[in-house]
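To be precise, the following lines are final.txt, and they hold compact mmCIF, C-alpha atoms.
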# COMPACT_ATOMS: atom_id res chain seq x y z
CA MET A 25 13.24 -29.74 -76.73
CA PRO A 26 10.60 -27.04 -76.17
CA PRO A 27 12.80 -25.08 -73.70
CA VAL A 28 15.40 -24.62 -76.47
CA LEU A 29 12.73 -23.20 -78.77
CA ASP A 30 11.34 -20.97 -76.02
CA ASN A 31 14.56 -19.48 -74.66
CA LEU A 32 16.96 -20.17 -77.56
CA ILE A 33 19.58 -21.47 -75.13
CA PRO A 34 21.42 -24.57 -76.38
CA VAL A 35 21.27 -27.71 -74.23
CA GLU A 36 24.16 -30.14 -73.81
CA GLN A 37 23.99 -33.18 -71.59
CA GLU A 38 25.13 -36.75 -71.38
CA ALA A 39 22.66 -39.52 -72.10
CA GLN A 40 22.90 -43.27 -71.60
CA THR A 41 21.06 -45.74 -73.79
CA ASN A 42 19.22 -48.81 -72.51
CA ASP A 43 22.20 -50.97 -73.54
CA GLY A 44 24.58 -48.82 -71.44
CA ARG A 45 26.33 -46.75 -74.14
CA TRP A 46 27.03 -43.06 -73.45
CA TYR A 47 26.41 -40.12 -75.79
CA SER A 48 26.78 -36.38 -75.58
CA LEU A 49 23.40 -34.94 -76.59
CA ARG A 50 23.34 -31.42 -78.01
CA ILE A 51 20.19 -29.50 -78.88
CA LEU A 52 20.65 -26.17 -80.65
CA PRO A 53 18.18 -23.72 -82.12
CA TYR A 54 18.17 -23.83 -85.93
CA ARG A 55 18.44 -20.35 -87.49
CA THR A 56 17.55 -19.76 -91.11
CA MET A 57 19.33 -17.33 -93.44
CA ASP A 58 16.84 -14.59 -92.52
CA ASN A 59 17.69 -15.14 -88.81
CA SER A 60 14.41 -16.74 -87.82
CA ILE A 61 14.19 -19.89 -85.73
CA ALA A 62 12.86 -22.82 -87.73
CA GLY A 63 13.32 -25.67 -85.25
CA VAL A 64 16.17 -27.40 -83.48
CA VAL A 65 19.23 -29.39 -84.45
CA VAL A 66 19.83 -32.49 -82.35
CA SER A 67 23.21 -34.24 -82.41
CA PHE A 68 24.58 -37.27 -80.62
CA VAL A 69 28.30 -37.81 -80.14
CA ASP A 70 29.50 -41.21 -78.95
CA ILE A 71 31.47 -40.66 -75.71
CA ASN A 72 31.44 -44.28 -74.54
CA ARG A 73 35.23 -44.69 -74.78
CA VAL A 74 35.78 -41.44 -72.90
CA LYS A 75 33.40 -42.51 -70.12
CA ALA A 76 35.10 -45.92 -69.89
CA ALA A 77 38.54 -44.28 -69.69
CA LEU A 78 37.34 -41.88 -66.99
CA GLN A 79 35.85 -44.75 -64.99
CA TYR A 80 39.11 -46.69 -65.33
CA ALA A 81 41.20 -43.70 -64.20
CA SER A 82 38.84 -43.04 -61.30
CA SER A 83 39.14 -46.66 -60.16
CA VAL A 84 42.94 -46.48 -60.29
CA VAL A 85 43.03 -43.21 -58.34
CA ASP A 86 40.62 -44.56 -55.71
CA ALA A 87 42.84 -47.64 -55.22
CA ILE A 88 45.81 -45.47 -54.21
CA ARG A 89 46.30 -45.34 -50.44
CA GLU A 90 47.69 -41.81 -50.26
CA PRO A 91 45.35 -38.82 -50.41
CA LEU A 92 45.13 -37.28 -53.90
CA LEU A 93 43.44 -34.18 -55.32
CA VAL A 94 42.96 -33.18 -58.94
CA LEU A 95 43.00 -29.39 -59.33
CA ASP A 96 41.86 -27.36 -62.33
CA GLU A 97 43.75 -24.42 -63.87
CA LYS A 98 42.26 -22.06 -61.27
CA LEU A 99 43.42 -24.40 -58.48
CA ARG A 100 39.88 -25.51 -57.66
CA VAL A 101 39.35 -29.11 -56.63
CA ILE A 102 37.94 -31.20 -59.46
CA SER A 103 38.00 -34.41 -57.45
CA GLY A 104 39.71 -36.28 -54.67
CA ASN A 105 40.21 -39.94 -54.00
CA ARG A 106 38.68 -41.93 -51.17
CA ALA A 107 41.91 -41.71 -49.18
CA PHE A 108 41.74 -37.89 -49.23
CA TYR A 109 38.15 -37.78 -47.99
CA ARG A 110 38.86 -40.42 -45.33
CA THR A 111 42.15 -38.88 -44.13
CA PHE A 112 40.79 -35.35 -43.77
CA ASN A 113 37.26 -36.38 -42.65
CA VAL A 114 35.58 -34.36 -45.41
CA LYS A 115 32.93 -35.05 -48.02
CA ALA A 116 33.27 -34.75 -51.78
CA GLU A 117 30.35 -32.31 -52.00
CA ASP A 118 32.06 -29.97 -49.50
CA THR A 119 35.41 -30.17 -51.30
CA GLU A 120 34.84 -30.31 -55.06
CA GLY A 121 34.66 -26.90 -56.71
CA GLN A 122 36.48 -25.20 -53.82
CA LEU A 123 39.86 -23.49 -54.16
CA VAL A 124 42.48 -25.76 -52.62
CA PHE A 125 43.56 -22.81 -50.44
CA GLU A 126 40.06 -22.53 -48.95
CA LEU A 127 39.74 -26.16 -47.86
CA GLY A 128 39.25 -26.75 -44.15
CA ARG A 129 40.12 -23.58 -42.34
CA HIS A 130 42.40 -22.31 -45.11
CA GLN A 131 45.01 -24.82 -44.00
CA TRP A 132 46.54 -24.97 -47.48
CA GLU A 133 46.82 -21.16 -47.77
CA ILE A 134 50.61 -21.21 -47.96
CA MET A 135 52.23 -18.56 -50.16
CA GLU A 136 55.09 -20.81 -51.31
CA LEU A 137 52.66 -23.63 -52.17
CA ARG A 138 50.52 -21.21 -54.16
CA LYS A 139 53.63 -20.03 -56.04
CA ILE A 140 54.85 -23.49 -56.97
CA LEU A 141 51.40 -24.74 -57.99
CA GLN A 142 51.14 -21.73 -60.30
CA GLU A 143 54.58 -22.56 -61.75
CA ILE A 144 53.38 -26.08 -62.50
CA LEU A 145 50.49 -24.67 -64.53
CA GLU A 146 52.61 -22.12 -66.38
CA GLU A 147 55.81 -24.07 -66.94
CA GLY A 148 54.78 -27.70 -66.68
CA SER A 149 57.21 -28.21 -63.78
CA ALA A 150 56.66 -30.59 -60.86
CA PHE A 151 57.63 -30.79 -57.23
CA GLU A 152 58.26 -33.58 -54.76
CA GLY A 153 58.63 -33.60 -51.03
CA TYR A 154 57.11 -30.24 -50.11
CA ARG A 155 56.68 -30.43 -46.34
CA VAL A 156 53.58 -29.00 -44.63
CA GLU A 157 53.06 -29.07 -40.86
CA HIS A 158 49.61 -28.08 -39.71
CA ASP A 159 46.92 -28.69 -37.10
CA PHE A 160 44.22 -30.06 -39.41
CA PRO A 161 40.57 -29.82 -38.33
CA GLY A 162 39.27 -33.15 -37.10
CA ILE A 163 42.57 -35.05 -37.36
CA GLY A 164 45.04 -32.95 -35.35
CA ARG A 165 48.66 -32.03 -35.94
CA ARG A 166 50.13 -33.69 -39.01
CA VAL A 167 53.26 -33.48 -41.12
CA MET A 168 52.49 -34.02 -44.80
CA LEU A 169 54.79 -34.36 -47.79
CA LEU A 170 53.23 -33.05 -50.99
CA ASN A 171 54.06 -34.04 -54.56
CA ALA A 172 52.46 -32.41 -57.59
CA ARG A 173 52.65 -32.52 -61.34
CA ARG A 174 50.73 -31.20 -64.28
CA ILE A 175 48.34 -33.54 -66.07
CA VAL A 176 48.38 -33.10 -69.84
CA ASP A 177 46.30 -34.59 -72.59
CA ASP A 178 47.67 -35.80 -75.93
CA LYS A 179 47.44 -32.22 -77.28
CA GLY A 180 49.18 -30.74 -74.25
CA THR A 181 46.22 -28.48 -73.53
CA THR A 182 44.84 -29.79 -70.23
CA ARG A 183 46.01 -27.64 -67.36
CA ASN A 184 45.16 -29.76 -64.36
CA ILE A 185 47.35 -30.71 -61.42
CA LEU A 186 47.57 -34.00 -59.57
CA LEU A 187 48.43 -33.22 -55.93
CA ALA A 188 49.48 -36.20 -53.78
CA MET A 189 49.90 -36.13 -50.01
CA GLU A 190 51.75 -38.47 -47.72
CA ASP A 191 51.31 -38.35 -43.95
CA ILE A 192 54.81 -38.61 -42.47
CA THR A 193 53.90 -37.62 -38.92
CA GLY A 194 56.38 -39.23 -36.56
CA ARG A 195 58.96 -40.10 -39.21
CA SER A 196 62.40 -38.49 -39.26
CA GLY A 197 65.36 -38.20 -41.61
CA LEU A 198 63.36 -37.21 -44.68
CA GLU A 199 64.80 -35.25 -47.57
CA PRO A 200 63.97 -31.54 -47.84
CA PHE A 201 61.64 -30.09 -50.43
CA SER A 202 62.83 -30.09 -54.04
CA GLN A 203 61.19 -28.65 -57.10
CA LYS A 204 61.78 -30.26 -60.48
CA LYS A 205 61.59 -27.77 -63.33
CA ASP A 206 61.67 -30.38 -66.10
CA ALA A 207 63.07 -33.80 -66.94
CA GLN A 208 66.59 -32.49 -67.68
CA LYS A 209 67.07 -30.01 -64.83
CA SER A 210 66.36 -30.33 -61.14
CA VAL A 211 66.57 -27.51 -58.62
CA SER A 212 66.77 -28.32 -54.93
CA GLN A 213 65.67 -25.95 -52.22
CA SER A 214 65.85 -26.52 -48.52
CA GLY A 215 63.02 -25.87 -46.14
CA GLY A 216 59.32 -26.18 -46.62
CA ALA A 217 56.40 -24.42 -45.11
CA GLN A 218 54.66 -24.37 -41.84
CA SER A 219 51.26 -22.94 -41.35
Let me see the file written as C-alpha cells.
Amino acid sequence: MPPVLDNLIPVEQEAQTNDGRWYSLRILPYRTMDNSIAGVVVSFVDINRVKAALQYASSVVDAIREPLLVLDEKLRVISGNRAFYRTFNVKAEDTEGQLVFELGRHQWEIMELRKILQEILEEGSAFEGYRVEHDFPGIGRRVMLLNARRIVDDKGTTRNILLAMEDITGRSGLEPFSQKKDAQKSVSQSGGAQS
C-alpha cells in the first residue's frame, strides 16, 4: 500500500486466497473534501466465477484441433490455442499482443483480409472459407481456409474476433470464399487472396 500513498497511482490486481478463490484487489488514494490524501481505500471484488468461466473457455479452445486466434478490437492477438502455436511453430510470448498482420514475416498482411476483419468489428458480420496460400516460415507452403466471427458479451460490447484456420493443403474441390453479413443475408464472393 505505501506506493499508492507515495505516487497516488491506483493499483489493481488479481489476488488468490489460500482456499483458491479469486478477487480483484483495488487500492486507491483516499482524498478528503479539501483535496488532501488521508489514506487509501481497499476493495475486493469476487471474480471467482469469471476466472472459472475463463478457464473453462480456455480448456475448450485448447481442445480444438484447428488453429485459433482471438483478436482484440485493434486486431492484436489476445491469445491462440495450442494448435495455432504447434502448427505455426511459434510461442505465445512472441505472438500475443502483436497485430495479426505482423505475425511471422507479415504473412497475414492481406488487404482483403484486413478489410473483412474490420467489417466484422464494425458490423458484426462473419466470414467463412477465406482462402490464403502462403509460404509460412518454418512450415512451408500451405493453403489455409479462414473463418472468423465477432465475439460478443451479454451486453454486446465486446469487440473481439475469433479467427479459425484450417490447413487444406493438398485438398481440391473446395467452395470459394463467402462473407456472411448477418443471419438473414449472405453474400458470396469468388476468389480469395494469395500472398
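In this structure, atom CA of Pro161 of chain A sits 17.8 Å away from atom CA of Leu93 of chain A.
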Of the listed residues A:Ala107, A:Val176, A:Glu146, A:Val66, that which approaches Val85 of chain A most closely, counting all atoms listed in the file: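 So, comparing all the options, the nearest one is A:Ala107.
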Tell me, as a list in words, which residues lie within 8 Å of Val94 of chain A, counting all atoms listed in the file; anything in the same chain fewer than 3 positions away does not count.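 Non-adjacent residues within range: Val101, Ile102, Ser103, Gly104, Asn184, Ile185, Leu186 and Leu187 of chain A.
Here atom CA of Gly128 of chain A stands at a distance of 7.6 Å from atom CA of Phe160 of chain A.
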From the options A:Lys75, A:Arg173, A:His130, A:Arg50, which residue's atoms come nearest to Ile144 of chain A, counting all atoms listed in the file?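 Nearest candidate to Ile144 of chain A out of A:Lys75, A:Arg173, A:His130, A:Arg50: A:Arg173.
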